[in-house]
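S.K.: Below is the file run27.txt, which contains compact mmCIF, C-alpha atoms and all ligand atoms.
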# COMPACT_ATOMS: atom_id res chain seq x y z
CA MET C 1 -12.83 12.85 17.08
CA ASN C 2 -12.63 9.02 17.05
CA ILE C 3 -12.22 7.50 13.59
CA LEU C 4 -12.48 3.80 12.78
CA VAL C 5 -10.40 2.88 9.73
CA ILE C 6 -11.53 -0.24 7.87
CA ASN C 7 -9.42 -2.12 5.33
CA CYS C 8 -11.37 -5.09 3.99
CA GLY C 9 -9.31 -7.53 1.93
CA SER C 10 -10.59 -10.62 0.14
CA SER C 11 -10.09 -12.88 3.19
CA SER C 12 -8.98 -10.44 5.88
CA LEU C 13 -10.14 -7.32 7.69
CA LYS C 14 -7.74 -4.82 9.23
CA TYR C 15 -9.10 -2.13 11.50
CA GLN C 16 -7.74 0.74 13.51
CA LEU C 17 -9.53 3.05 15.92
CA LEU C 18 -7.80 6.41 16.28
CA ASP C 19 -8.34 9.41 18.51
CA MET C 20 -7.62 12.13 15.96
CA ASP C 21 -7.56 14.94 18.55
CA THR C 22 -4.33 13.46 19.90
CA GLU C 23 -3.44 11.33 16.84
CA THR C 24 -3.14 8.24 19.03
CA ILE C 25 -4.21 4.70 18.29
CA ILE C 26 -6.94 3.41 20.61
CA ALA C 27 -6.91 -0.10 19.12
CA THR C 28 -5.62 -1.84 16.06
CA GLY C 29 -6.63 -5.29 14.88
CA VAL C 30 -6.59 -7.84 12.14
CA ILE C 31 -9.08 -10.60 11.37
CA GLU C 32 -7.62 -13.28 9.13
CA ARG C 33 -8.76 -16.31 7.15
CA ILE C 34 -12.35 -15.13 6.72
CA GLY C 35 -14.32 -17.97 5.15
CA ALA C 36 -11.72 -20.65 6.04
CA THR C 37 -12.32 -23.60 8.34
CA MET C 38 -10.76 -21.63 11.20
CA GLY C 39 -9.95 -17.91 11.38
CA SER C 40 -8.37 -15.64 13.94
CA ILE C 41 -8.59 -12.16 15.40
CA THR C 42 -5.70 -10.25 16.93
CA GLN C 43 -6.11 -6.89 18.62
CA LYS C 44 -3.68 -4.49 20.24
CA SER C 45 -5.40 -2.12 22.65
CA ASN C 46 -3.73 1.22 23.41
CA PRO C 47 -0.54 0.13 21.62
CA ASP C 48 1.25 3.41 22.42
CA LYS C 49 0.97 2.55 26.14
CA TRP C 50 1.54 -1.21 25.83
CA PRO C 51 3.40 -1.79 22.55
CA ASP C 52 4.07 -5.47 23.21
CA ALA C 53 0.63 -6.51 24.49
CA LYS C 54 -1.86 -8.13 22.14
CA ASP C 55 -4.91 -10.36 22.39
CA THR C 56 -5.52 -13.23 19.98
CA GLU C 57 -8.37 -15.67 19.54
CA ASP C 58 -8.93 -18.46 17.02
CA ILE C 59 -12.52 -18.34 15.90
CA LEU C 60 -14.63 -19.40 12.91
CA ILE C 61 -15.42 -16.34 10.75
CA PRO C 62 -17.75 -17.43 7.93
CA ASP C 63 -17.92 -14.14 6.04
CA HIS C 64 -17.16 -10.40 6.12
CA GLU C 65 -20.38 -9.60 7.94
CA ALA C 66 -19.33 -11.94 10.75
CA ALA C 67 -15.89 -10.32 10.73
CA MET C 68 -17.34 -6.81 11.08
CA ARG C 69 -19.63 -7.96 13.89
CA LEU C 70 -16.69 -9.63 15.65
CA MET C 71 -14.63 -6.42 15.38
CA VAL C 72 -17.49 -4.41 16.91
CA ALA C 73 -17.92 -6.97 19.69
CA LYS C 74 -14.21 -6.86 20.53
CA LEU C 75 -13.97 -3.06 20.46
CA THR C 76 -16.91 -2.72 22.86
CA GLY C 77 -16.77 -6.03 24.77
CA GLU C 78 -15.74 -6.77 28.33
CA ASP C 79 -12.63 -8.75 27.41
CA TRP C 80 -10.70 -6.51 24.98
CA GLY C 81 -13.03 -3.50 24.87
CA VAL C 82 -11.63 0.02 24.42
CA ILE C 83 -14.92 1.93 24.11
CA SER C 84 -18.20 1.42 25.91
CA SER C 85 -20.50 2.08 22.96
CA LEU C 86 -20.35 2.48 19.18
CA SER C 87 -21.60 6.06 19.59
CA GLU C 88 -18.03 6.91 20.65
CA ILE C 89 -17.01 6.39 17.02
CA ASP C 90 -17.59 9.63 15.09
CA ALA C 91 -16.86 8.42 11.55
CA LEU C 92 -15.49 5.51 9.56
CA GLY C 93 -12.81 5.70 6.88
CA HIS C 94 -12.71 2.89 4.32
CA ARG C 95 -9.77 1.97 2.15
CA VAL C 96 -11.06 1.41 -1.38
CA VAL C 97 -8.56 0.05 -3.86
CA GLN C 98 -9.95 1.26 -7.21
CA GLY C 99 -11.68 4.60 -7.74
CA GLY C 100 -11.23 4.78 -11.51
CA GLU C 101 -10.88 8.23 -13.05
CA GLU C 102 -13.79 9.52 -11.01
CA PHE C 103 -12.25 9.92 -7.58
CA SER C 104 -9.25 12.14 -7.06
CA HIS C 105 -10.23 12.93 -3.47
CA PRO C 106 -11.78 11.10 -0.52
CA VAL C 107 -15.60 11.25 -0.52
CA LEU C 108 -18.51 10.87 1.85
CA ILE C 109 -20.16 7.59 0.94
CA ASP C 110 -23.75 7.61 -0.28
CA GLU C 111 -25.71 5.39 -2.65
CA SER C 112 -24.21 7.00 -5.76
CA VAL C 113 -20.64 6.49 -4.45
CA ILE C 114 -21.43 2.83 -3.73
CA LYS C 115 -22.75 2.49 -7.28
CA SER C 116 -19.55 3.99 -8.67
CA ILE C 117 -17.31 1.73 -6.56
CA ARG C 118 -19.34 -1.21 -7.83
CA SER C 119 -18.85 -0.06 -11.42
CA TYR C 120 -15.06 -0.36 -10.91
CA VAL C 121 -15.23 -4.01 -9.83
CA PRO C 122 -14.05 -5.19 -13.28
CA LEU C 123 -10.87 -3.12 -12.74
CA ALA C 124 -10.26 -4.55 -9.24
CA PRO C 125 -12.15 -7.86 -9.10
CA LEU C 126 -10.47 -9.10 -5.90
CA HIS C 127 -10.46 -5.88 -3.90
CA ASN C 128 -13.43 -3.65 -4.67
CA PRO C 129 -16.08 -6.31 -3.81
CA ALA C 130 -14.46 -6.84 -0.39
CA ASN C 131 -14.20 -3.07 0.16
CA LEU C 132 -17.89 -2.70 -0.77
CA THR C 133 -18.93 -5.44 1.63
CA GLY C 134 -17.12 -3.62 4.45
CA ILE C 135 -18.87 -0.36 3.55
CA GLU C 136 -22.34 -1.87 3.31
CA ILE C 137 -22.07 -3.75 6.60
CA ALA C 138 -20.62 -0.67 8.32
CA MET C 139 -23.62 1.37 7.17
CA GLU C 140 -25.87 -1.25 8.77
CA LEU C 141 -23.90 -1.56 12.01
CA PHE C 142 -23.30 2.20 12.44
CA PRO C 143 -26.56 3.84 11.29
CA GLY C 144 -26.20 7.61 11.00
CA THR C 145 -22.39 7.57 11.35
CA PRO C 146 -20.60 9.08 8.33
CA ASN C 147 -18.58 6.69 6.14
CA VAL C 148 -15.77 8.06 3.98
CA ALA C 149 -14.05 6.28 1.06
CA VAL C 150 -10.33 6.87 0.56
CA PHE C 151 -9.04 5.46 -2.72
CA ASP C 152 -5.68 3.81 -3.36
CA THR C 153 -5.75 5.31 -6.84
CA GLU C 154 -6.59 8.93 -6.01
CA PHE C 155 -3.03 10.25 -5.44
CA HIS C 156 -2.11 9.08 -8.94
CA GLN C 157 -4.93 10.92 -10.69
CA THR C 158 -2.56 13.83 -11.42
CA ILE C 159 -0.41 11.63 -13.70
CA PRO C 160 -0.50 13.22 -17.19
CA GLN C 161 -2.14 11.33 -20.01
CA LYS C 162 1.13 10.69 -21.88
CA ALA C 163 2.28 8.74 -18.81
CA PHE C 164 -0.93 6.90 -17.93
CA MET C 165 -1.86 5.68 -21.43
CA TYR C 166 -0.73 2.32 -22.81
CA PRO C 167 0.25 2.24 -26.48
CA ILE C 168 -2.58 -0.13 -27.43
CA PRO C 169 -5.72 0.62 -29.49
CA MET C 170 -7.42 3.80 -28.25
CA GLU C 171 -10.75 2.00 -28.05
CA LEU C 172 -9.45 -0.05 -25.13
CA TYR C 173 -9.04 3.17 -23.17
CA THR C 174 -12.23 4.89 -24.28
CA GLY C 175 -14.33 1.72 -24.07
CA LEU C 176 -12.80 -0.31 -21.25
CA LYS C 177 -10.78 2.34 -19.38
CA VAL C 178 -7.59 0.32 -19.76
CA ARG C 179 -4.84 2.67 -18.47
CA LYS C 180 -2.31 3.03 -15.69
CA TYR C 181 -4.05 3.78 -12.37
CA GLY C 182 -1.36 3.06 -9.78
CA PHE C 183 -1.88 1.84 -6.21
CA HIS C 184 -0.45 2.42 -2.70
CA GLY C 185 -1.61 6.02 -3.20
CA THR C 186 -2.35 6.61 0.49
CA SER C 187 1.19 5.58 1.38
CA HIS C 188 2.84 7.71 -1.33
CA LYS C 189 0.67 10.66 -0.27
CA TYR C 190 1.43 10.21 3.42
CA VAL C 191 5.21 10.08 2.94
CA THR C 192 5.07 13.01 0.50
CA LYS C 193 3.46 15.21 3.15
CA ALA C 194 5.80 13.91 5.86
CA ALA C 195 8.89 14.50 3.67
CA ALA C 196 7.80 18.06 2.91
CA ALA C 197 7.31 18.73 6.62
CA HIS C 198 10.67 17.13 7.46
CA LEU C 199 12.53 19.14 4.81
CA GLY C 200 10.72 22.34 5.79
CA LYS C 201 9.19 22.91 2.33
CA PRO C 202 5.55 23.46 1.36
CA VAL C 203 4.04 20.29 -0.15
CA GLU C 204 3.31 22.25 -3.35
CA ALA C 205 7.05 22.83 -3.82
CA ILE C 206 8.40 19.37 -3.00
CA ASN C 207 9.95 17.06 -5.63
CA LEU C 208 10.37 13.44 -4.57
CA ILE C 209 10.84 9.87 -5.59
CA THR C 210 8.82 7.78 -3.14
CA VAL C 211 9.82 4.12 -2.89
CA HIS C 212 7.25 1.85 -1.20
CA LEU C 213 8.85 -1.58 -0.77
CA GLY C 214 6.66 -4.00 1.18
CA ASN C 215 4.83 -7.17 0.20
CA GLY C 216 3.73 -5.13 -2.79
CA CYS C 217 6.22 -2.64 -4.20
CA SER C 218 5.71 0.60 -6.09
CA MET C 219 7.42 3.91 -6.71
CA ALA C 220 6.04 7.35 -7.50
CA ALA C 221 7.55 10.43 -9.10
CA VAL C 222 6.25 13.48 -7.26
CA LYS C 223 6.67 16.94 -8.81
CA ASN C 224 5.51 20.00 -6.90
CA GLY C 225 3.69 17.72 -4.46
CA GLN C 226 1.72 15.95 -7.22
CA CYS C 227 2.21 12.45 -8.55
CA VAL C 228 3.41 12.54 -12.18
CA ASP C 229 4.17 8.84 -12.63
CA THR C 230 4.05 5.56 -10.77
CA THR C 231 5.16 2.00 -11.43
CA MET C 232 1.96 0.02 -10.86
CA GLY C 233 -0.52 0.08 -13.69
CA LEU C 234 -4.00 -1.14 -14.55
CA THR C 235 -3.32 -3.71 -11.83
CA PRO C 236 -0.83 -4.00 -8.96
CA LEU C 237 1.15 -6.57 -11.00
CA ALA C 238 3.07 -3.93 -12.97
CA GLY C 239 6.37 -2.20 -12.25
CA LEU C 240 8.90 -3.32 -9.67
CA MET C 241 9.75 -6.90 -8.78
CA MET C 242 7.78 -7.92 -5.67
CA GLY C 243 7.54 -10.77 -3.19
CA THR C 244 5.50 -13.04 -5.45
CA ARG C 245 4.56 -10.68 -8.31
CA CYS C 246 6.71 -10.36 -11.43
CA GLY C 247 6.36 -6.61 -12.07
CA ASP C 248 7.09 -5.48 -15.64
CA ILE C 249 7.77 -8.28 -18.09
CA ASP C 250 7.53 -8.64 -21.85
CA PRO C 251 3.74 -8.87 -22.47
CA ALA C 252 4.40 -11.48 -25.16
CA ILE C 253 5.39 -13.91 -22.39
CA HIS C 254 1.66 -14.58 -21.91
CA ALA C 255 1.25 -15.88 -25.48
CA PHE C 256 4.58 -17.73 -25.26
CA LEU C 257 3.51 -19.59 -22.09
CA ALA C 258 0.09 -20.39 -23.51
CA LYS C 259 1.68 -21.85 -26.61
CA ASN C 260 4.64 -23.66 -25.07
CA ARG C 261 3.18 -24.76 -21.75
CA GLY C 262 -0.49 -24.96 -22.64
CA LEU C 263 -1.40 -22.66 -19.75
CA SER C 264 -4.76 -20.90 -19.57
CA ILE C 265 -5.06 -17.15 -18.99
CA ARG C 266 -6.13 -17.87 -15.42
CA GLU C 267 -3.09 -20.09 -14.82
CA ILE C 268 -0.71 -17.52 -16.29
CA ASP C 269 -2.28 -14.82 -14.16
CA ALA C 270 -1.78 -16.94 -11.02
CA LEU C 271 1.80 -17.78 -12.01
CA LEU C 272 2.73 -14.12 -12.48
CA ASN C 273 0.93 -12.95 -9.33
CA LYS C 274 1.71 -15.75 -6.89
CA GLU C 275 4.71 -17.73 -8.09
CA SER C 276 6.95 -15.03 -9.49
CA GLY C 277 8.97 -12.10 -8.12
CA LEU C 278 11.51 -12.92 -5.40
CA ASN C 279 9.71 -16.19 -4.77
CA GLY C 280 9.96 -17.22 -8.40
CA ILE C 281 13.70 -16.66 -8.53
CA CYS C 282 14.79 -18.12 -5.20
CA GLY C 283 11.77 -19.73 -3.52
CA MET C 284 11.60 -17.13 -0.74
CA ASN C 285 9.62 -13.91 -0.60
CA ASP C 286 10.71 -12.44 2.73
CA MET C 287 13.81 -10.29 2.30
CA ARG C 288 15.07 -11.35 5.75
CA ASP C 289 15.15 -15.00 4.66
CA ILE C 290 16.79 -14.00 1.40
CA HIS C 291 19.63 -12.22 3.24
CA ALA C 292 20.16 -15.26 5.47
CA ALA C 293 20.32 -17.48 2.39
CA ARG C 294 22.73 -15.11 0.61
CA GLU C 295 25.04 -15.31 3.60
CA ASN C 296 24.99 -19.08 3.22
CA GLY C 297 26.03 -18.81 -0.41
CA ASP C 298 22.62 -19.31 -2.06
CA THR C 299 23.25 -17.91 -5.54
CA ASN C 300 19.56 -17.71 -6.49
CA ALA C 301 18.88 -15.66 -3.34
CA GLN C 302 21.75 -13.36 -4.32
CA LEU C 303 20.33 -13.03 -7.84
CA ALA C 304 16.82 -12.29 -6.55
CA PHE C 305 18.21 -9.56 -4.28
CA GLU C 306 20.23 -8.02 -7.12
CA MET C 307 17.28 -8.08 -9.53
CA PHE C 308 15.03 -6.47 -6.92
CA ALA C 309 17.44 -3.61 -6.21
CA TYR C 310 18.28 -3.18 -9.92
CA ARG C 311 14.67 -2.34 -10.77
CA VAL C 312 14.46 0.20 -7.97
CA LYS C 313 17.69 1.80 -9.18
CA THR C 314 16.63 2.00 -12.84
CA THR C 315 13.33 3.58 -11.79
CA ILE C 316 15.15 6.15 -9.63
CA GLY C 317 17.09 7.11 -12.76
CA ALA C 318 13.95 7.33 -14.89
CA TYR C 319 12.05 9.37 -12.32
CA LEU C 320 14.94 11.79 -11.78
CA ALA C 321 14.75 12.45 -15.51
CA ILE C 322 10.97 13.07 -15.34
CA ILE C 323 11.09 15.34 -12.31
CA GLY C 324 14.27 17.13 -13.36
CA GLY C 325 16.05 16.47 -10.05
CA ALA C 326 14.51 15.64 -6.68
CA ASP C 327 14.67 17.06 -3.18
CA ALA C 328 14.71 13.53 -1.77
CA ILE C 329 14.38 9.82 -2.34
CA VAL C 330 12.01 8.44 0.31
CA PHE C 331 12.13 4.77 1.33
CA THR C 332 9.08 3.35 3.10
CA ALA C 333 7.16 0.13 4.02
CA GLY C 334 8.53 -3.17 5.38
CA ILE C 335 11.62 -3.49 3.19
CA GLY C 336 12.10 0.23 2.52
CA GLU C 337 12.10 1.08 6.21
CA ASN C 338 14.09 -1.89 7.50
CA ASP C 339 16.42 -3.21 4.85
CA GLU C 340 19.77 -1.44 4.70
CA PHE C 341 21.08 -3.82 2.00
CA VAL C 342 18.29 -3.07 -0.47
CA ARG C 343 18.62 0.67 0.13
CA ALA C 344 22.40 0.53 -0.33
CA ALA C 345 22.18 -1.56 -3.50
CA ALA C 346 19.45 0.64 -5.00
CA CYS C 347 21.48 3.82 -4.40
CA GLU C 348 24.91 2.39 -5.25
CA GLY C 349 26.64 4.30 -8.04
CA LEU C 350 24.10 7.12 -8.09
CA GLU C 351 26.59 9.63 -6.67
CA PRO C 352 26.92 11.43 -10.06
CA LEU C 353 23.15 12.07 -9.81
CA GLY C 354 23.55 13.71 -6.39
CA ILE C 355 22.51 10.67 -4.33
CA THR C 356 25.09 9.57 -1.76
CA LEU C 357 24.13 7.26 1.08
CA ASP C 358 25.89 7.62 4.42
CA ALA C 359 26.72 3.95 5.08
CA ARG C 360 26.82 4.41 8.85
CA LYS C 361 23.43 6.18 9.04
CA ASN C 362 21.91 3.66 6.62
CA ALA C 363 22.92 0.79 8.91
CA ILE C 364 21.46 2.28 12.11
CA ARG C 365 18.12 0.73 13.06
CA ALA C 366 15.81 3.30 14.57
CA SER C 367 12.18 4.36 14.55
CA GLY C 368 10.69 7.52 13.09
CA ILE C 369 11.81 9.66 10.18
CA ARG C 370 15.54 9.68 9.52
CA SER C 371 17.92 11.06 6.95
CA ILE C 372 20.48 8.58 5.66
CA GLY C 373 22.20 10.63 2.94
CA VAL C 374 25.59 12.29 3.19
CA VAL C 375 25.08 15.85 4.41
CA GLY C 376 25.51 18.27 1.51
CA SER C 377 24.44 15.87 -1.29
CA SER C 378 21.96 17.53 -3.60
CA VAL C 379 19.31 14.80 -3.17
CA SER C 380 18.42 13.80 0.41
CA VAL C 381 17.73 10.17 1.19
CA LEU C 382 15.02 9.65 3.81
CA ILE C 383 13.40 6.74 5.61
CA ILE C 384 9.79 7.61 6.47
CA PRO C 385 7.64 4.96 8.16
CA THR C 386 4.38 4.92 6.26
CA ASP C 387 1.06 5.19 8.08
CA GLU C 388 -1.82 4.52 5.71
CA GLU C 389 -4.34 4.27 8.57
CA LEU C 390 -3.42 7.72 9.85
CA GLU C 391 -3.67 9.12 6.31
CA ILE C 392 -7.14 7.56 5.88
CA ALA C 393 -8.23 8.82 9.31
CA GLN C 394 -7.00 12.35 8.52
CA ALA C 395 -8.80 12.31 5.17
CA THR C 396 -11.96 11.10 6.94
CA VAL C 397 -11.80 13.96 9.45
CA ASP C 398 -11.31 16.47 6.61
CA VAL C 399 -14.30 15.14 4.65
CA VAL C 400 -16.56 14.98 7.71
CA ASN C 401 -15.56 18.53 8.70
CA GLY C 402 -16.31 19.66 5.15
P1 LIG C 501 4.68 -4.49 4.42
O1 LIG C 501 3.90 -4.94 3.23
O2 LIG C 501 5.02 -3.04 4.39
O3 LIG C 501 4.11 -4.94 5.73
O4 LIG C 501 6.11 -5.24 4.30
C1 LIG C 501 6.23 -6.62 4.48
C2 LIG C 501 7.58 -7.09 3.98
O5 LIG C 501 8.62 -6.32 4.61
C3 LIG C 501 7.90 -8.53 4.35
O6 LIG C 501 7.54 -9.40 3.33
C4 LIG C 501 9.39 -8.54 4.52
O7 LIG C 501 10.00 -9.01 3.33
C5 LIG C 501 9.78 -7.10 4.69
N1 LIG C 501 10.45 -6.85 5.96
C6 LIG C 501 9.89 -6.65 7.17
N2 LIG C 501 10.86 -6.43 8.11
C7 LIG C 501 12.05 -6.52 7.46
C8 LIG C 501 13.41 -6.40 7.86
N3 LIG C 501 13.76 -6.18 9.12
N4 LIG C 501 14.36 -6.54 6.92
C9 LIG C 501 14.03 -6.79 5.64
N5 LIG C 501 12.77 -6.89 5.20
C10 LIG C 501 11.79 -6.77 6.10
For the structure just supplied, provide its representation as structure tokens.
M.R.:
Amino acid sequence: MNILVINCGSSSLKYQLLDMDTETIIATGVIERIGATMGSITQKSNPDKWPDAKDTEDILIPDHEAAMRLMVAKLTGEDWGVISSLSEIDALGHRVVQGGEEFSHPVLIDESVIKSIRSYVPLAPLHNPANLTGIEIAMELFPGTPNVAVFDTEFHQTIPQKAFMYPIPMELYTGLKVRKYGFHGTSHKYVTKAAAAHLGKPVEAINLITVHLGNGCSMAAVKNGQCVDTTMGLTPLAGLMMGTRCGDIDPAIHAFLAKNRGLSIREIDALLNKESGLNGICGMNDMRDIHAARENGDTNAQLAFEMFAYRVKTTIGAYLAIIGGADAIVFTAGIGENDEFVRAAACEGLEPLGITLDARKNAIRASGIRSIGVVGSSVSVLIIPTDEELEIAQATVDVVNG
């Protein structure tokens, strides 16, 4: 079964065509700067066979419809084509960021699902409209082919009410649905299943702390295979420190900035989303640059690194308390998978809690799942490369097969 996974962002479109009978990638691509004066498309065809080969073209992409048409043209065209006709695609899986309280599982998309996704636009004003555009154009371009929505929020729908509520007037929850939703759910779900398989335990019996550290960062507490808490909230601004996002801060900082700097709500929102986090502290948001700067004695880079790891460590402590002990801590995504320094700093001093990193294993760069804890410690430490596209494709197959 060939599944096309679509991830429509506000100005980008990522796609991946997978053969789910063999779980191999047929093509993976990204279209960037949609709506800008000049955009680009990059596609890797059969990346398992030719991991280093990719095709790129600079091209004007006025809107998402043009982007979807370009993707189709490239997948089937003479130059980069990997299939001869769209009928070779059996179903499409769409990443949808916000599914509210309604969706705890992937669903086959019909008019009522589209209406629901639209009703959650106020909760995800940047993402859900782009996701919807991708869905609606896909339905036009692939008539009769099933479309499945996989929600970023669905894995977190098992979080109990005492953990997802904010201590603000009840009416804001009942009337506006202001609550913690959590994001990166597909990634947390994927690594949960992979960790259970790796540790030889049924998913229903696995207890984990999953640590997704990429451009966006979030953690999840997983008890008996179900998410019981996560760090992101109503929006992806909450929780850990991120590349440009502040994570948790005193909410009174908003009023303080408005009063003392005369900033509008919109300006404060932009400041906390785009000018904060690692970038706010040291002017860099890529951990590789930060390490290079630390080596050169940049004290702000050192501080940013320490703050970043500190928040991961304090959340590990909190989540161990919630779960009552974990089978494993799982690091994933760009920083989680690649950055030995962040992993070491986040786990440093946690030996009394049963977490002991093996410094040698932590420093080895390798692909695939690996265990980096000292053998015999009560909590394993794992690196599991996340694969959100595969998770969406698997969910799509499951929904289509009923
Ligand atoms: P993701 O959102 O999962 O693609 O992660 C992107 C982030 O991963 C980048 O902003 C980098 O900071 C980080 N990253 C990627 N490779 C490395 C690496 N080798 N060492 C440290 N950080 C990395």
S.K.: Would you compute, for all listed atoms of ligand LIG 501 (chain C), the axis-aligned bounding box grown by 8 Å on each side, and then report its centre and edge lengths in Å rounded to one decimal, as JSON?
M.R.:
{"center_x": 9.1, "center_y": -6.2, "center_z": 6.2, "size_x": 26.5, "size_y": 22.4, "size_z": 21.9}
S.K.: Counting all atoms listed in the file, which residues of chain C fall within 12 Å of ligand LIG 501 (chain C), and what is the closest atom pair for each with its distance in Å at one decimal, ordered by chain and rising number, as CSV?
M.R.:
residue,atom,partner,partner_atom,distance
C:His184,CA,C:LIG501,O1,10.4
C:Ser187,CA,C:LIG501,O2,9.9
C:Val211,CA,C:LIG501,O2,11.3
C:His212,CA,C:LIG501,O2,7.8
C:Leu213,CA,C:LIG501,O2,6.6
C:Gly214,CA,C:LIG501,O4,3.4
C:Asn215,CA,C:LIG501,O1,3.9
C:Gly216,CA,C:LIG501,O1,6.0
C:Cys217,CA,C:LIG501,O1,8.1
C:Ser218,CA,C:LIG501,O1,11.0
C:Met242,CA,C:LIG501,O6,9.1
C:Gly243,CA,C:LIG501,O6,6.7
C:Thr244,CA,C:LIG501,O6,9.7
C:Gly277,CA,C:LIG501,O6,11.9
C:Leu278,CA,C:LIG501,O7,9.7
C:Asn279,CA,C:LIG501,O6,10.8
C:Met284,CA,C:LIG501,O7,9.2
C:Asn285,CA,C:LIG501,O7,6.3
C:Asp286,CA,C:LIG501,O7,3.6
C:Met287,CA,C:LIG501,O7,4.1
C:Arg288,CA,C:LIG501,C9,4.7
C:Asp289,CA,C:LIG501,O7,8.0
C:Ile290,CA,C:LIG501,O7,8.6
C:His291,CA,C:LIG501,C9,8.2
C:Ala292,CA,C:LIG501,C9,10.5
C:Phe305,CA,C:LIG501,C9,11.1
C:Phe308,CA,C:LIG501,O7,11.7
C:Phe331,CA,C:LIG501,O2,11.0
C:Thr332,CA,C:LIG501,O2,7.7
C:Ala333,CA,C:LIG501,O2,3.8
C:Gly334,CA,C:LIG501,O5,3.2
C:Ile335,CA,C:LIG501,N5,4.1
C:Gly336,CA,C:LIG501,N5,7.6
C:Glu337,CA,C:LIG501,C7,7.7
C:Asn338,CA,C:LIG501,C8,4.6
C:Asp339,CA,C:LIG501,C9,4.4
C:Glu340,CA,C:LIG501,N4,7.8
C:Phe341,CA,C:LIG501,C9,8.5
C:Val342,CA,C:LIG501,C9,8.3
C:Arg343,CA,C:LIG501,C9,10.3
C:Ala363,CA,C:LIG501,N4,11.4
C:Ile364,CA,C:LIG501,N3,11.8
C:Arg365,CA,C:LIG501,N3,9.1
C:Ala366,CA,C:LIG501,N3,11.1
C:Ser367,CA,C:LIG501,N3,12.0
C:Ile384,CA,C:LIG501,O2,11.9
C:Pro385,CA,C:LIG501,O2,9.2
C:Thr386,CA,C:LIG501,O2,8.2
C:Asp387,CA,C:LIG501,O2,9.9
C:Glu388,CA,C:LIG501,O2,10.3
S.K.: Which residues, protein or nucleic acid, reach to within 7 Å of (-5.5, 2.6, 22.8) in the file's coordinates when using only C-alpha atoms, and can you give that as a list in words?
M.R.: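 The distance filter leaves exactly Ile25, Ile26, Ala27, Ser45, Asn46, Pro47, Asp48 and Val82 of chain C.
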S.K.: Out of C:Thr37, C:Ser380, C:Asn2, C:Thr145, which residue has the shortest atom-to-atom distance to Ile83 (chain C) when counting all atoms listed in the file?
M.R.: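 The answer is C:Asn2, which sits nearest to Ile83 (chain C).
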S.K.: Nearest to Leu13 (chain C) among C:Ser87, C:Thr356, C:Thr133, C:Thr192, with distances taken over only C-alpha atoms: which residue is it?
M.R.: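 Closest to Leu13 (chain C), using only C-alpha atoms: C:Thr133.
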S.K.: Point out the residue among C:Cys246, C:Ile369, C:Leu390, C:Ile3 with the least atom-to-atom distance to Lys274 (chain C), counting only C-alpha atoms.
M.R.: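 Result for the nearest residue to Lys274 (chain C): C:Cys246.
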S.K.: Would you mind telling me which residue in C:Lys180, C:Lys193, C:Lys162, C:His254 lies nearest to Gln98 (chain C) when using all atoms listed in the file?
M.R.: C:Lys180
